[in-house]
file structure-v5.txt (compact mmCIF, C-alpha atoms)
# COMPACT_ATOMS: atom_id res chain seq x y z
CA MET U 16 -92.22 -22.85 184.25
CA ASP U 17 -92.23 -22.93 188.04
CA ILE U 18 -94.18 -25.92 189.31
CA PRO U 19 -94.69 -25.86 193.06
CA VAL U 20 -94.72 -29.28 194.67
CA VAL U 21 -97.59 -30.54 196.73
CA GLU U 22 -95.72 -30.56 200.03
CA ASN U 23 -94.69 -26.94 199.66
CA VAL U 24 -98.20 -25.84 198.70
CA LEU U 25 -99.59 -27.40 201.88
CA LYS U 26 -96.89 -25.85 204.07
CA VAL U 27 -97.51 -22.35 202.72
CA ASN U 28 -101.26 -22.92 202.96
CA ASP U 29 -100.96 -23.87 206.63
CA GLU U 30 -98.96 -20.72 207.40
CA VAL U 31 -101.53 -18.45 205.76
CA ALA U 32 -104.36 -20.37 207.44
CA ALA U 33 -102.74 -19.72 210.83
CA MET U 34 -102.67 -15.99 210.05
CA ASN U 35 -106.34 -16.09 209.02
CA ARG U 36 -107.25 -17.91 212.23
CA ALA U 37 -105.40 -15.40 214.41
CA ALA U 38 -107.11 -12.45 212.71
CA LEU U 39 -110.58 -14.01 212.85
CA ARG U 40 -110.31 -15.16 216.46
CA GLY U 41 -108.83 -11.80 217.43
CA ALA U 42 -111.99 -10.21 216.04
CA GLY U 43 -114.14 -12.62 218.04
CA ILE U 44 -115.50 -14.29 214.89
CA PHE U 45 -116.55 -17.97 214.83
CA THR U 46 -115.62 -19.36 211.41
CA VAL U 47 -117.09 -22.43 209.72
CA ASP U 48 -115.70 -24.15 206.60
CA LEU U 49 -118.82 -25.71 205.05
CA ILE U 50 -117.98 -28.69 202.81
CA GLY U 51 -120.50 -30.63 200.74
CA ALA U 52 -121.27 -31.98 197.27
CA PRO U 53 -122.63 -29.69 194.56
CA GLY U 54 -126.37 -29.39 195.08
CA CYS U 55 -126.48 -30.68 198.68
CA GLY U 56 -128.00 -27.38 199.78
CA LYS U 57 -125.11 -25.39 201.26
CA THR U 58 -126.26 -22.00 199.96
CA ALA U 59 -129.91 -22.49 200.95
CA LEU U 60 -128.76 -23.54 204.42
CA ILE U 61 -126.60 -20.43 204.82
CA GLU U 62 -129.49 -18.20 203.67
CA ALA U 63 -131.79 -19.73 206.30
CA THR U 64 -129.02 -19.53 208.92
CA ILE U 65 -128.39 -15.83 208.29
CA ARG U 66 -132.07 -15.15 208.94
CA ALA U 67 -132.24 -17.32 212.06
CA LEU U 68 -129.05 -15.93 213.61
CA GLY U 69 -130.08 -12.41 212.62
CA ALA U 70 -133.23 -12.82 214.72
CA GLN U 71 -130.90 -13.36 217.71
CA GLY U 72 -128.74 -10.34 216.84
CA VAL U 73 -125.87 -12.48 215.52
CA ARG U 74 -124.38 -11.04 212.31
CA VAL U 75 -123.21 -13.40 209.55
CA GLY U 76 -120.60 -12.90 206.83
CA VAL U 77 -120.00 -15.28 203.91
CA ILE U 78 -117.04 -16.11 201.70
CA VAL U 79 -118.27 -18.39 198.93
CA GLY U 80 -116.23 -20.40 196.43
CA ASP U 81 -117.39 -21.57 193.01
CA LEU U 82 -115.64 -22.41 189.75
CA ALA U 83 -117.70 -19.81 187.91
CA THR U 84 -120.60 -17.35 188.31
CA GLN U 85 -121.53 -14.91 191.09
CA ARG U 86 -124.85 -16.66 191.66
CA ASP U 87 -124.37 -17.74 195.27
CA ALA U 88 -123.07 -14.35 196.40
CA ALA U 89 -126.02 -12.67 194.70
CA ARG U 90 -128.41 -14.98 196.54
CA MET U 91 -126.84 -14.37 199.94
CA ALA U 92 -126.42 -10.61 199.41
CA ARG U 93 -130.19 -10.39 199.91
CA PHE U 94 -129.60 -11.24 203.58
CA THR U 95 -126.19 -9.75 204.48
CA ASP U 96 -123.92 -7.10 202.97
CA GLN U 97 -120.78 -8.97 204.11
CA VAL U 98 -120.45 -11.39 201.17
CA VAL U 99 -117.47 -12.12 198.93
CA GLN U 100 -117.52 -14.54 196.00
CA ILE U 101 -114.31 -16.29 194.96
CA ASN U 102 -114.24 -17.81 191.46
CA THR U 103 -111.65 -20.59 191.37
CA GLY U 104 -111.73 -21.29 187.61
CA LYS U 105 -110.84 -24.96 187.41
CA GLY U 106 -109.77 -25.03 191.08
CA CYS U 107 -111.54 -27.81 192.98
CA HIS U 108 -111.19 -26.32 196.51
CA LEU U 109 -110.48 -23.08 198.35
CA GLU U 110 -107.02 -22.33 199.72
CA ALA U 111 -106.05 -20.11 202.65
CA HIS U 112 -104.57 -17.31 200.51
CA GLN U 113 -107.88 -16.93 198.65
CA VAL U 114 -109.72 -16.64 201.95
CA ARG U 115 -107.15 -14.08 203.14
CA ARG U 116 -107.77 -11.85 200.11
CA ALA U 117 -111.54 -12.20 200.57
CA MET U 118 -111.20 -11.24 204.27
CA ASP U 119 -109.77 -7.88 203.14
CA ARG U 120 -113.14 -7.14 201.56
CA ILE U 121 -115.14 -7.95 204.69
CA ASP U 122 -115.68 -5.59 207.63
CA LEU U 123 -114.65 -7.98 210.41
CA ALA U 124 -116.02 -5.62 213.08
CA ARG U 125 -119.50 -6.23 211.66
CA VAL U 126 -119.38 -10.04 211.62
CA ASP U 127 -119.96 -12.54 214.45
CA VAL U 128 -120.13 -15.79 212.48
CA LEU U 129 -118.28 -16.26 209.18
CA PHE U 130 -119.23 -18.99 206.75
CA ILE U 131 -116.71 -20.13 204.19
CA GLU U 132 -118.85 -22.02 201.69
CA ASN U 133 -116.29 -24.21 199.95
CA VAL U 134 -116.42 -25.27 196.30
CA GLY U 135 -119.02 -28.04 195.85
CA ASN U 136 -116.81 -31.10 196.32
CA LEU U 137 -116.70 -33.71 199.10
CA ILE U 138 -113.04 -34.63 198.56
CA CYS U 139 -110.43 -32.00 197.74
CA PRO U 140 -111.48 -29.26 200.22
CA VAL U 141 -110.93 -31.60 203.19
CA GLY U 142 -107.13 -31.40 203.09
CA PHE U 143 -106.79 -27.61 203.15
CA ASP U 144 -106.86 -25.60 206.37
CA LEU U 145 -108.43 -22.19 205.74
CA GLY U 146 -108.19 -20.79 209.28
CA GLN U 147 -111.67 -21.98 210.30
CA ASP U 148 -112.71 -22.91 213.84
CA ALA U 149 -114.69 -25.89 212.57
CA LYS U 150 -115.12 -27.88 209.41
CA VAL U 151 -118.73 -28.92 208.86
CA GLY U 152 -119.48 -31.75 206.42
CA MET U 153 -122.88 -31.64 204.77
CA PHE U 154 -124.86 -34.48 203.16
CA CYS U 155 -128.48 -34.55 201.99
CA THR U 156 -131.31 -37.07 201.89
CA SER U 157 -131.66 -36.89 198.10
CA GLY U 158 -127.97 -37.80 197.74
CA GLY U 159 -128.45 -41.26 199.25
CA ASP U 160 -127.78 -42.86 202.62
CA ASP U 161 -124.43 -44.39 201.52
CA LYS U 162 -122.46 -41.17 201.01
CA ALA U 163 -120.87 -40.77 204.47
CA GLY U 164 -119.26 -44.20 204.16
CA LYS U 165 -118.10 -43.44 200.63
CA HIS U 166 -116.57 -40.10 201.66
CA PRO U 167 -114.95 -40.96 204.99
CA TYR U 168 -112.31 -38.20 205.14
CA VAL U 169 -114.76 -35.31 205.34
CA VAL U 170 -116.65 -37.18 208.08
CA VAL U 171 -113.47 -37.78 210.09
CA GLU U 172 -112.39 -34.12 209.88
CA SER U 173 -115.76 -32.51 210.67
CA SER U 174 -116.88 -31.10 214.02
CA VAL U 175 -120.53 -31.50 213.04
CA ILE U 176 -122.20 -33.59 210.34
CA LEU U 177 -125.27 -32.06 208.70
CA LEU U 178 -127.94 -34.03 206.87
CA GLY U 179 -129.94 -31.54 204.84
CA LYS U 180 -133.15 -31.73 202.78
CA ARG U 181 -134.91 -33.67 205.51
CA ASP U 182 -138.21 -32.54 203.94
CA LEU U 183 -137.50 -34.79 200.92
CA LEU U 184 -137.36 -37.99 203.03
CA PRO U 185 -140.86 -39.15 201.97
CA TYR U 186 -139.84 -39.04 198.29
CA VAL U 187 -136.41 -40.71 198.26
CA PRO U 188 -135.00 -44.04 199.44
CA PHE U 189 -132.92 -43.17 202.52
CA ASP U 190 -132.27 -45.31 205.61
CA LEU U 191 -131.50 -42.87 208.44
CA GLU U 192 -130.04 -45.60 210.68
CA PHE U 193 -127.68 -46.76 207.93
CA PHE U 194 -126.43 -43.19 207.41
CA ARG U 195 -126.03 -42.56 211.15
CA ALA U 196 -124.14 -45.84 211.65
CA ASP U 197 -121.59 -44.86 208.97
CA VAL U 198 -121.02 -41.49 210.62
CA ARG U 199 -120.74 -42.99 214.11
CA ARG U 200 -118.18 -45.57 212.93
CA LEU U 201 -116.00 -42.84 211.38
CA ASN U 202 -116.51 -40.05 213.91
CA ALA U 203 -118.20 -40.93 217.20
CA ALA U 204 -117.77 -37.41 218.63
CA ALA U 205 -119.44 -35.23 215.99
CA PRO U 206 -123.13 -34.43 216.47
CA ILE U 207 -125.35 -35.38 213.52
CA LEU U 208 -127.85 -32.60 212.84
CA GLU U 209 -130.73 -33.45 210.53
CA LEU U 210 -132.51 -30.42 209.15
CA SER U 211 -134.34 -28.70 206.34
CA ALA U 212 -133.63 -25.15 205.27
CA THR U 213 -136.97 -25.17 203.45
CA THR U 214 -139.27 -26.13 206.34
CA GLY U 215 -137.03 -24.96 209.18
CA GLU U 216 -137.15 -28.40 210.81
CA GLY U 217 -134.01 -29.05 212.85
CA MET U 218 -132.61 -25.55 212.33
CA ALA U 219 -132.78 -24.62 216.04
CA ALA U 220 -130.10 -27.13 217.09
CA TRP U 221 -127.80 -25.93 214.30
CA VAL U 222 -128.29 -22.27 215.19
CA ASP U 223 -127.67 -23.07 218.88
CA TRP U 224 -124.42 -24.85 217.97
CA LEU U 225 -123.23 -21.82 215.97
CA ALA U 226 -124.24 -19.35 218.70
CA ALA U 227 -122.34 -21.40 221.30
CA GLY U 228 -119.26 -21.38 219.06
CA ARG U 229 -119.56 -17.63 218.61
CA ASN U 230 -119.88 -17.07 222.39
CA ARG U 231 -116.80 -19.22 223.05
CA VAL U 232 -114.62 -17.39 220.53
CA ALA U 233 -115.91 -13.94 221.50
CA GLY U 234 -115.33 -14.71 225.17
CA ALA U 235 -111.76 -15.75 224.53
CA ALA U 236 -111.10 -12.64 222.39
CA GLN U 237 -112.47 -10.41 225.16
CA ALA U 238 -110.39 -12.16 227.85
CA CYS U 239 -107.23 -11.65 225.77
CA GLY U 240 -108.11 -8.01 225.08
CA ALA U 241 -108.67 -7.37 228.83
CA GLN U 242 -105.25 -8.67 229.87
CA MET M 5 -89.15 -38.32 197.88
CA ASP M 6 -90.03 -38.34 194.19
CA ILE M 7 -92.79 -35.86 193.46
CA PRO M 8 -94.08 -36.09 189.89
CA VAL M 9 -95.10 -32.77 188.39
CA VAL M 10 -98.57 -32.13 187.06
CA GLU M 11 -97.48 -31.80 183.42
CA ASN M 12 -95.75 -35.16 183.47
CA VAL M 13 -98.68 -36.87 185.16
CA LEU M 14 -101.01 -35.65 182.41
CA LYS M 15 -98.61 -36.73 179.62
CA VAL M 16 -98.25 -40.25 181.02
CA ASN M 17 -102.00 -40.39 181.61
CA ASP M 18 -102.72 -39.48 177.99
CA GLU M 19 -100.38 -42.20 176.73
CA VAL M 20 -102.04 -44.89 178.85
CA ALA M 21 -105.48 -43.59 177.87
CA ALA M 22 -104.56 -43.99 174.19
CA MET M 23 -103.62 -47.62 174.86
CA ASN M 24 -106.91 -48.19 176.69
CA ARG M 25 -108.85 -46.64 173.81
CA ALA M 26 -107.09 -48.80 171.22
CA ALA M 27 -107.79 -51.99 173.19
CA LEU M 28 -111.44 -51.12 173.87
CA ARG M 29 -112.19 -50.01 170.31
CA GLY M 30 -110.39 -53.04 168.95
CA ALA M 31 -112.77 -55.17 170.99
CA GLY M 32 -115.74 -53.25 169.57
CA ILE M 33 -116.65 -51.79 172.98
CA PHE M 34 -118.33 -48.39 173.34
CA THR M 35 -116.94 -46.77 176.49
CA VAL M 36 -118.56 -44.00 178.53
CA ASP M 37 -116.86 -41.98 181.30
CA LEU M 38 -119.79 -40.99 183.54
CA ILE M 39 -119.05 -37.87 185.60
CA GLY M 40 -121.37 -36.39 188.23
CA ALA M 41 -121.59 -35.12 191.79
CA PRO M 42 -121.86 -37.57 194.71
CA GLY M 43 -125.49 -38.60 195.00
CA CYS M 44 -126.64 -37.43 191.56
CA GLY M 45 -127.72 -40.99 190.75
CA LYS M 46 -124.91 -42.43 188.62
CA THR M 47 -125.08 -45.94 190.08
CA ALA M 48 -128.87 -46.16 189.94
CA LEU M 49 -128.74 -45.00 186.32
CA ILE M 50 -126.19 -47.65 185.39
CA GLU M 51 -128.27 -50.34 187.11
CA ALA M 52 -131.34 -49.34 185.09
CA THR M 53 -129.25 -49.08 181.91
CA ILE M 54 -127.79 -52.58 182.32
CA ARG M 55 -131.34 -53.95 182.49
CA ALA M 56 -132.61 -51.92 179.51
CA LEU M 57 -129.64 -52.71 177.27
CA GLY M 58 -129.74 -56.35 178.39
CA ALA M 59 -133.30 -56.58 177.06
CA GLN M 60 -131.83 -55.69 173.64
CA GLY M 61 -129.03 -58.22 173.94
CA VAL M 62 -126.38 -55.55 174.63
CA ARG M 63 -123.97 -56.61 177.38
CA VAL M 64 -122.67 -54.02 179.87
CA GLY M 65 -119.48 -53.94 181.93
CA VAL M 66 -118.71 -51.43 184.69
CA ILE M 67 -115.53 -50.02 186.20
CA VAL M 68 -116.52 -47.95 189.23
CA GLY M 69 -114.40 -45.54 191.25
CA ASP M 70 -114.95 -44.54 194.86
CA LEU M 71 -112.72 -43.32 197.67
CA ALA M 72 -113.78 -46.23 199.87
CA THR M 73 -116.19 -49.19 200.09
CA GLN M 74 -117.23 -51.82 197.51
CA ARG M 75 -120.87 -50.75 197.74
CA ASP M 76 -121.41 -49.66 194.13
CA ALA M 77 -119.77 -52.77 192.68
CA ALA M 78 -121.90 -54.95 194.95
CA ARG M 79 -125.05 -53.16 193.73
CA MET M 80 -124.19 -53.55 190.05
CA ALA M 81 -122.96 -57.13 190.39
CA ARG M 82 -126.63 -58.08 190.75
CA PHE M 83 -127.04 -57.21 187.05
CA THR M 84 -123.71 -58.07 185.38
CA ASP M 85 -120.70 -60.19 186.29
CA GLN M 86 -118.30 -57.79 184.53
CA VAL M 87 -117.80 -55.29 187.37
CA VAL M 88 -114.58 -53.97 188.91
CA GLN M 89 -114.42 -51.53 191.82
CA ILE M 90 -111.45 -49.19 192.16
CA ASN M 91 -110.90 -47.60 195.59
CA THR M 92 -108.91 -44.39 195.17
CA GLY M 93 -108.29 -43.65 198.86
CA LYS M 94 -108.09 -39.85 198.93
CA GLY M 95 -107.89 -39.67 195.12
CA CYS M 96 -110.53 -37.32 193.72
CA HIS M 97 -110.71 -38.77 190.18
CA LEU M 98 -109.84 -41.87 188.16
CA GLU M 99 -106.68 -41.98 186.03
CA ALA M 100 -105.99 -44.04 182.93
CA HIS M 101 -103.59 -46.47 184.62
CA GLN M 102 -106.25 -47.43 187.15
CA VAL M 103 -108.69 -48.14 184.35
CA ARG M 104 -106.02 -50.18 182.54
CA ARG M 105 -105.52 -52.42 185.58
CA ALA M 106 -109.28 -52.80 185.99
CA MET M 107 -109.60 -53.77 182.30
CA ASP M 108 -107.35 -56.76 183.00
CA ARG M 109 -110.08 -58.10 185.28
CA ILE M 110 -112.85 -57.74 182.69
CA ASP M 111 -113.57 -60.24 179.89
CA LEU M 112 -113.67 -57.75 177.01
CA ALA M 113 -115.13 -60.39 174.67
CA ARG M 114 -118.26 -60.42 176.83
CA VAL M 115 -118.84 -56.64 176.94
CA ASP M 116 -120.50 -54.36 174.35
CA VAL M 117 -120.84 -51.15 176.38
CA LEU M 118 -118.42 -50.28 179.19
CA PHE M 119 -119.28 -47.71 181.83
CA ILE M 120 -116.53 -46.06 183.79
CA GLU M 121 -118.37 -44.56 186.75
CA ASN M 122 -115.96 -41.89 187.91
CA VAL M 123 -115.47 -40.79 191.53
CA GLY M 124 -118.37 -38.55 192.60
CA ASN M 125 -116.94 -35.14 191.71
CA LEU M 126 -117.94 -32.61 189.04
CA ILE M 127 -114.51 -31.01 188.77
CA CYS M 128 -111.32 -33.08 188.91
CA PRO M 129 -112.36 -36.03 186.68
CA VAL M 130 -112.94 -33.71 183.73
CA GLY M 131 -109.25 -33.17 182.96
CA PHE M 132 -108.23 -36.84 182.76
CA ASP M 133 -108.63 -38.88 179.57
CA LEU M 134 -109.34 -42.52 180.48
CA GLY M 135 -109.64 -43.93 176.96
CA GLN M 136 -113.42 -43.43 176.76
CA ASP M 137 -115.39 -42.79 173.56
CA ALA M 138 -117.54 -40.21 175.30
CA LYS M 139 -117.63 -38.26 178.51
CA VAL M 140 -121.15 -37.91 179.88
CA GLY M 141 -121.87 -35.22 182.46
CA MET M 142 -124.74 -35.94 184.85
CA PHE M 143 -126.79 -33.49 186.92
CA CYS M 144 -130.01 -34.08 188.87
CA THR M 145 -133.18 -32.14 189.65
CA SER M 146 -132.65 -32.30 193.42
CA GLY M 147 -129.20 -30.70 192.96
CA GLY M 148 -130.66 -27.43 191.68
CA ASP M 149 -131.05 -25.80 188.27
CA ASP M 150 -127.90 -23.65 188.63
CA LYS M 151 -125.29 -26.41 188.62
CA ALA M 152 -124.46 -26.59 184.89
CA GLY M 153 -123.51 -22.92 184.91
CA LYS M 154 -121.45 -23.35 188.07
CA HIS M 155 -119.60 -26.38 186.65
CA PRO M 156 -118.95 -25.29 183.06
CA TYR M 157 -115.95 -27.52 182.26
CA VAL M 158 -117.79 -30.82 182.56
CA VAL M 159 -120.55 -29.40 180.36
CA VAL M 160 -118.09 -28.25 177.70
CA GLU M 161 -116.31 -31.63 177.58
CA SER M 162 -119.40 -33.86 177.53
CA SER M 163 -120.95 -35.54 174.47
CA VAL M 164 -124.30 -35.81 176.24
CA ILE M 165 -125.69 -34.02 179.31
CA LEU M 166 -127.98 -36.05 181.55
CA LEU M 167 -130.50 -34.59 183.97
CA GLY M 168 -131.50 -37.37 186.35
CA LYS M 169 -134.13 -37.75 189.09
CA ARG M 170 -136.80 -36.24 186.85
CA ASP M 171 -139.38 -37.93 189.09
CA LEU M 172 -138.45 -35.52 191.93
CA LEU M 173 -139.40 -32.40 189.91
CA PRO M 174 -142.72 -31.90 191.76
CA TYR M 175 -140.91 -31.74 195.11
CA VAL M 176 -137.94 -29.45 194.39
CA PRO M 177 -137.49 -25.94 193.01
CA PHE M 178 -136.01 -26.46 189.53
CA ASP M 179 -136.49 -24.31 186.41
CA LEU M 180 -135.92 -26.62 183.43
CA GLU M 181 -135.54 -23.71 180.99
CA PHE M 182 -132.88 -22.07 183.17
CA PHE M 183 -130.89 -25.32 183.32
CA ARG M 184 -131.23 -25.96 179.56
CA ALA M 185 -130.16 -22.38 178.74
CA ASP M 186 -126.93 -22.80 180.76
CA VAL M 187 -126.12 -26.05 178.95
CA ARG M 188 -126.92 -24.58 175.51
CA ARG M 189 -124.69 -21.56 176.15
CA LEU M 190 -121.74 -23.78 177.10
CA ASN M 191 -122.26 -26.68 174.68
CA ALA M 192 -124.78 -26.21 171.89
CA ALA M 193 -124.01 -29.61 170.33
CA ALA M 194 -124.62 -31.99 173.22
CA PRO M 195 -128.11 -33.49 173.54
CA ILE M 196 -129.75 -32.93 176.95
CA LEU M 197 -131.46 -36.11 178.10
CA GLU M 198 -133.86 -35.76 181.02
CA LEU M 199 -134.67 -39.06 182.70
CA SER M 200 -135.49 -41.02 185.81
CA ALA M 201 -133.89 -44.36 186.61
CA THR M 202 -136.69 -44.92 189.14
CA THR M 203 -139.72 -44.47 186.85
CA GLY M 204 -138.00 -45.26 183.54
CA GLU M 205 -139.12 -41.93 182.07
CA GLY M 206 -136.70 -40.76 179.37
CA MET M 207 -134.58 -43.92 179.53
CA ALA M 208 -135.39 -44.94 175.92
CA ALA M 209 -133.53 -42.00 174.35
CA TRP M 210 -130.48 -42.68 176.54
CA VAL M 211 -130.46 -46.38 175.70
CA ASP M 212 -130.83 -45.56 171.98
CA TRP M 213 -127.87 -43.19 172.17
CA LEU M 214 -125.71 -45.88 173.80
CA ALA M 215 -126.82 -48.56 171.33
CA ALA M 216 -125.96 -46.25 168.41
CA GLY M 217 -122.51 -45.66 169.87
CA ARG M 218 -122.00 -49.37 170.33
CA ASN M 219 -123.03 -50.06 166.70
CA ARG M 220 -120.65 -47.39 165.41
CA VAL M 221 -117.65 -48.73 167.35
CA ALA M 222 -118.45 -52.39 166.63
CA GLY M 223 -118.86 -51.61 162.91
CA ALA M 224 -115.50 -49.89 162.79
CA ALA M 225 -113.81 -52.76 164.65
CA GLN M 226 -115.32 -55.29 162.25
CA ALA M 227 -114.24 -53.27 159.17
CA CYS M 228 -110.67 -53.13 160.50
CA GLY M 229 -110.68 -56.84 161.32
CA ALA M 230 -111.93 -57.66 157.80
CA GLN M 231 -109.12 -55.77 156.06

call {"tool": "encode", "arguments": {"input": "structure-v5.txt", "output": "structure tokens"}}
result
Amino acid sequence: MDIPVVENVLKVNDEVAAMNRAALRGAGIFTVDLIGAPGCGKTALIEATIRALGAQGVRVGVIVGDLATQRDAARMARFTDQVVQINTGKGCHLEAHQVRRAMDRIDLARVDVLFIENVGNLICPVGFDLGQDAKVGMFCTSGGDDKAGKHPYVVVESSVILLGKRDLLPYVPFDLEFFRADVRRLNAAAPILELSATTGEGMAAWVDWLAAGRNRVAGAAQACGAQ
Amino acid sequence: MDIPVVENVLKVNDEVAAMNRAALRGAGIFTVDLIGAPGCGKTALIEATIRALGAQGVRVGVIVGDLATQRDAARMARFTDQVVQINTGKGCHLEAHQVRRAMDRIDLARVDVLFIENVGNLICPVGFDLGQDAKVGMFCTSGGDDKAGKHPYVVVESSVILLGKRDLLPYVPFDLEFFRADVRRLNAAAPILELSATTGEGMAAWVDWLAAGRNRVAGAAQACGAQ
């Protein structure tokens, strides 16, 4: 039995991730690795985001990881035809080679923003580069105000921190200042975007952030192509 | 650098878990490994359970795992003095040797039911025996009705499935029949207990199940001691 060691796995992963990044950036695609606990609302957020970006003419593709079922892909396929589901079995995170295979099934010329919805897990996905432009860590009001402090590594590595399910605030104990203070202590640079995919509250700032990322990457791809 | 292989890690873990189990059963303690996503309500459930079992004269100890912070231990220390926090750093699950070290800091003669609150993660903790009598998988209404089907391994391995935050049902989309059907398909034997630590709804059946487990283990320990 051939048992690869952890160091080697990470080295190979980084090489494949670099290839993914080159291909995605070359196509002018802004790619987000969305990391959050099971049930924090990643899929609902992506559904709402596809609609909001679509209204601006920005086309979204999705690669979604789950242990089992095609449920999330089926949900998102109602809003975009560029969706690939990866079933990881007992695998607790996505790796770059899985994303690479999924990319082969996406028409990159028809995508402006690519979401990689990672397996629902706040821990293991953090250590694996997939070729994304930004990692985005997602929490939710119903999950409690203490979770950023208890999961510091995803906060440290994220370019933006999302707090979803803002519409549930009246029904759950959640101290916004306590949550924000944890995030600030761990990552002073990342914006904290509080939103609700259900009511649409706070979605505009998130959509603006994605559109700006897309414009930056597309601009760079065009400049390189023009040289 | 010495890099232990996965197979060896699991073999050593199983041996230490067997030692833990022998020590805990010998002391007449019923031990539960509580596994659930971050924010599903594990700590709040244990707090409410300590109070409810305490009213019946059943004493509870807790070993709690988190990446960082002593927050959960501090919360539960309000209700029992037999609490040990394990900080795993980047570790995504508890292992038997960590539980063994924590057991050294608990007065086993003063505990009837021991909770091991695993790191918030529905995936990685499932594969590691800690020496528990039962694994208990916990979901919550605000996490969505599709999560049992998307996390089948914890459902298969659990002796009981808990659905927490029942009090939030009016505010979230959650089809109870859909959730129950997923659980039944994966594990027809495990009871599904729907409850709320906040309102107390459904807590009686959970407390009865724990008390029955405690009586079974204590009876067996007494019979062995009497021989």

call {"tool": "closest_atom_pairs", "arguments": {"input": "structure-v5.txt", "of": "chain M", "to": "chain U", "cutoff": "6 Å", "atoms": "all atoms listed in the file", "output": "Markdown table"}}
result
| residue | atom | partner | partner_atom | distance |
| --- | --- | --- | --- | --- |
| M:Gly43 | CA | U:Gly158 | CA | 3.8 |
| M:Ala72 | CA | U:Lys165 | CA | 5.2 |
| M:Gly147 | CA | U:Gly54 | CA | 3.8 |
| M:Gly148 | CA | U:Gly54 | CA | 5.8 |
| M:Lys154 | CA | U:Ala83 | CA | 5.2 |

call {"tool": "residues_near_point", "arguments": {"input": "structure-v5.txt", "point": "(-123.5, -34.0, 175.6)", "cutoff": "10 Å", "atoms": "only C-alpha atoms", "output": "list in words"}}
result
Ala138, Lys139, Val140, Gly141, Met142, Val158, Val159, Val160, Glu161, Ser162, Ser163, Val164, Ile165, Leu166, Val187, Asn191, Ala192, Ala193, Ala194, Pro195, Ile196 and Leu197 of chain M

call {"tool": "closest_residue", "arguments": {"input": "structure-v5.txt", "among": "M:Ala26, M:Ala106, M:Leu199, M:Ile33", "to": "Ala216 in chain M", "atoms": "all atoms listed in the file"}}
result
M:Ile33

call {"tool": "atom_distance", "arguments": {"input": "structure-v5.txt", "atom1": "CA of Val13 in chain M", "atom2": "CA of Thr35 in chain M"}}
result
22.5 Å

call {"tool": "residues_around", "arguments": {"input": "structure-v5.txt", "residues": "Val117 in chain M", "least_positions_apart": "4", "cutoff": "8 Å", "atoms": "all atoms listed in the file", "output": "JSON, numbers by chain"}}
result
{"M": [33, 34, 35, 36, 62, 63, 64, 65, 214, 218]}

call {"tool": "closest_residue", "arguments": {"input": "structure-v5.txt", "among": "U:Val114, U:Met91, U:Leu68, U:Ala63", "to": "Asp144 in chain U", "atoms": "all atoms listed in the file"}}
result
U:Val114

call {"tool": "residues_around", "arguments": {"input": "structure-v5.txt", "residues": "Gly204 in chain M", "least_positions_apart": "2", "cutoff": "12 Å", "atoms": "all atoms listed in the file", "output": "PyMOL selection string"}}
result
chain M and resi 48-49+51-53+55-56+168-171+198-202+206-211

call {"tool": "closest_residue", "arguments": {"input": "structure-v5.txt", "among": "M:Gln136, M:Asp212, M:Phe178, M:Thr203", "to": "Arg29 in chain M", "atoms": "only C-alpha atoms"}}
result
M:Gln136

call {"tool": "atom_distance", "arguments": {"input": "structure-v5.txt", "atom1": "CA of Gln89 in chain M", "atom2": "CA of Val68 in chain M"}}
result
4.9 Å

call {"tool": "atom_distance", "arguments": {"input": "structure-v5.txt", "atom1": "CA of Asp18 in chain M", "atom2": "CA of Met107 in chain M"}}
result
16.4 Å

call {"tool": "closest_residue", "arguments": {"input": "structure-v5.txt", "among": "M:Lys15, M:Arg220, M:Arg184, M:Arg79", "to": "Lys46 in chain M", "atoms": "all atoms listed in the file"}}
result
M:Arg79

call {"tool": "residues_around", "arguments": {"input": "structure-v5.txt", "residues": "Asp122 in chain U", "least_positions_apart": "5", "cutoff": "10 Å", "atoms": "all atoms listed in the file", "output": "mmCIF file with C-alpha atoms, keeping the file's coordinate frame"}}
result
data_model
loop_
_atom_site.group_PDB
_atom_site.id
_atom_site.type_symbol
_atom_site.label_atom_id
_atom_site.label_comp_id
_atom_site.auth_asym_id
_atom_site.auth_seq_id
_atom_site.Cartn_x
_atom_site.Cartn_y
_atom_site.Cartn_z
ATOM 1 C CA GLY U 76 -120.600 -12.900 206.830
ATOM 2 C CA ASP U 96 -123.920 -7.100 202.970
ATOM 3 C CA GLN U 97 -120.780 -8.970 204.110
ATOM 4 C CA VAL U 98 -120.450 -11.390 201.170
#

call {"tool": "residues_around", "arguments": {"input": "structure-v5.txt", "residues": "range 225-228 of chain M", "least_positions_apart": "3", "cutoff": "8 Å", "atoms": "all atoms listed in the file", "output": "list in words"}}
result
Arg29, Gly30, Ala31, Gly32, Val221, Ala222 and Gln231 of chain M
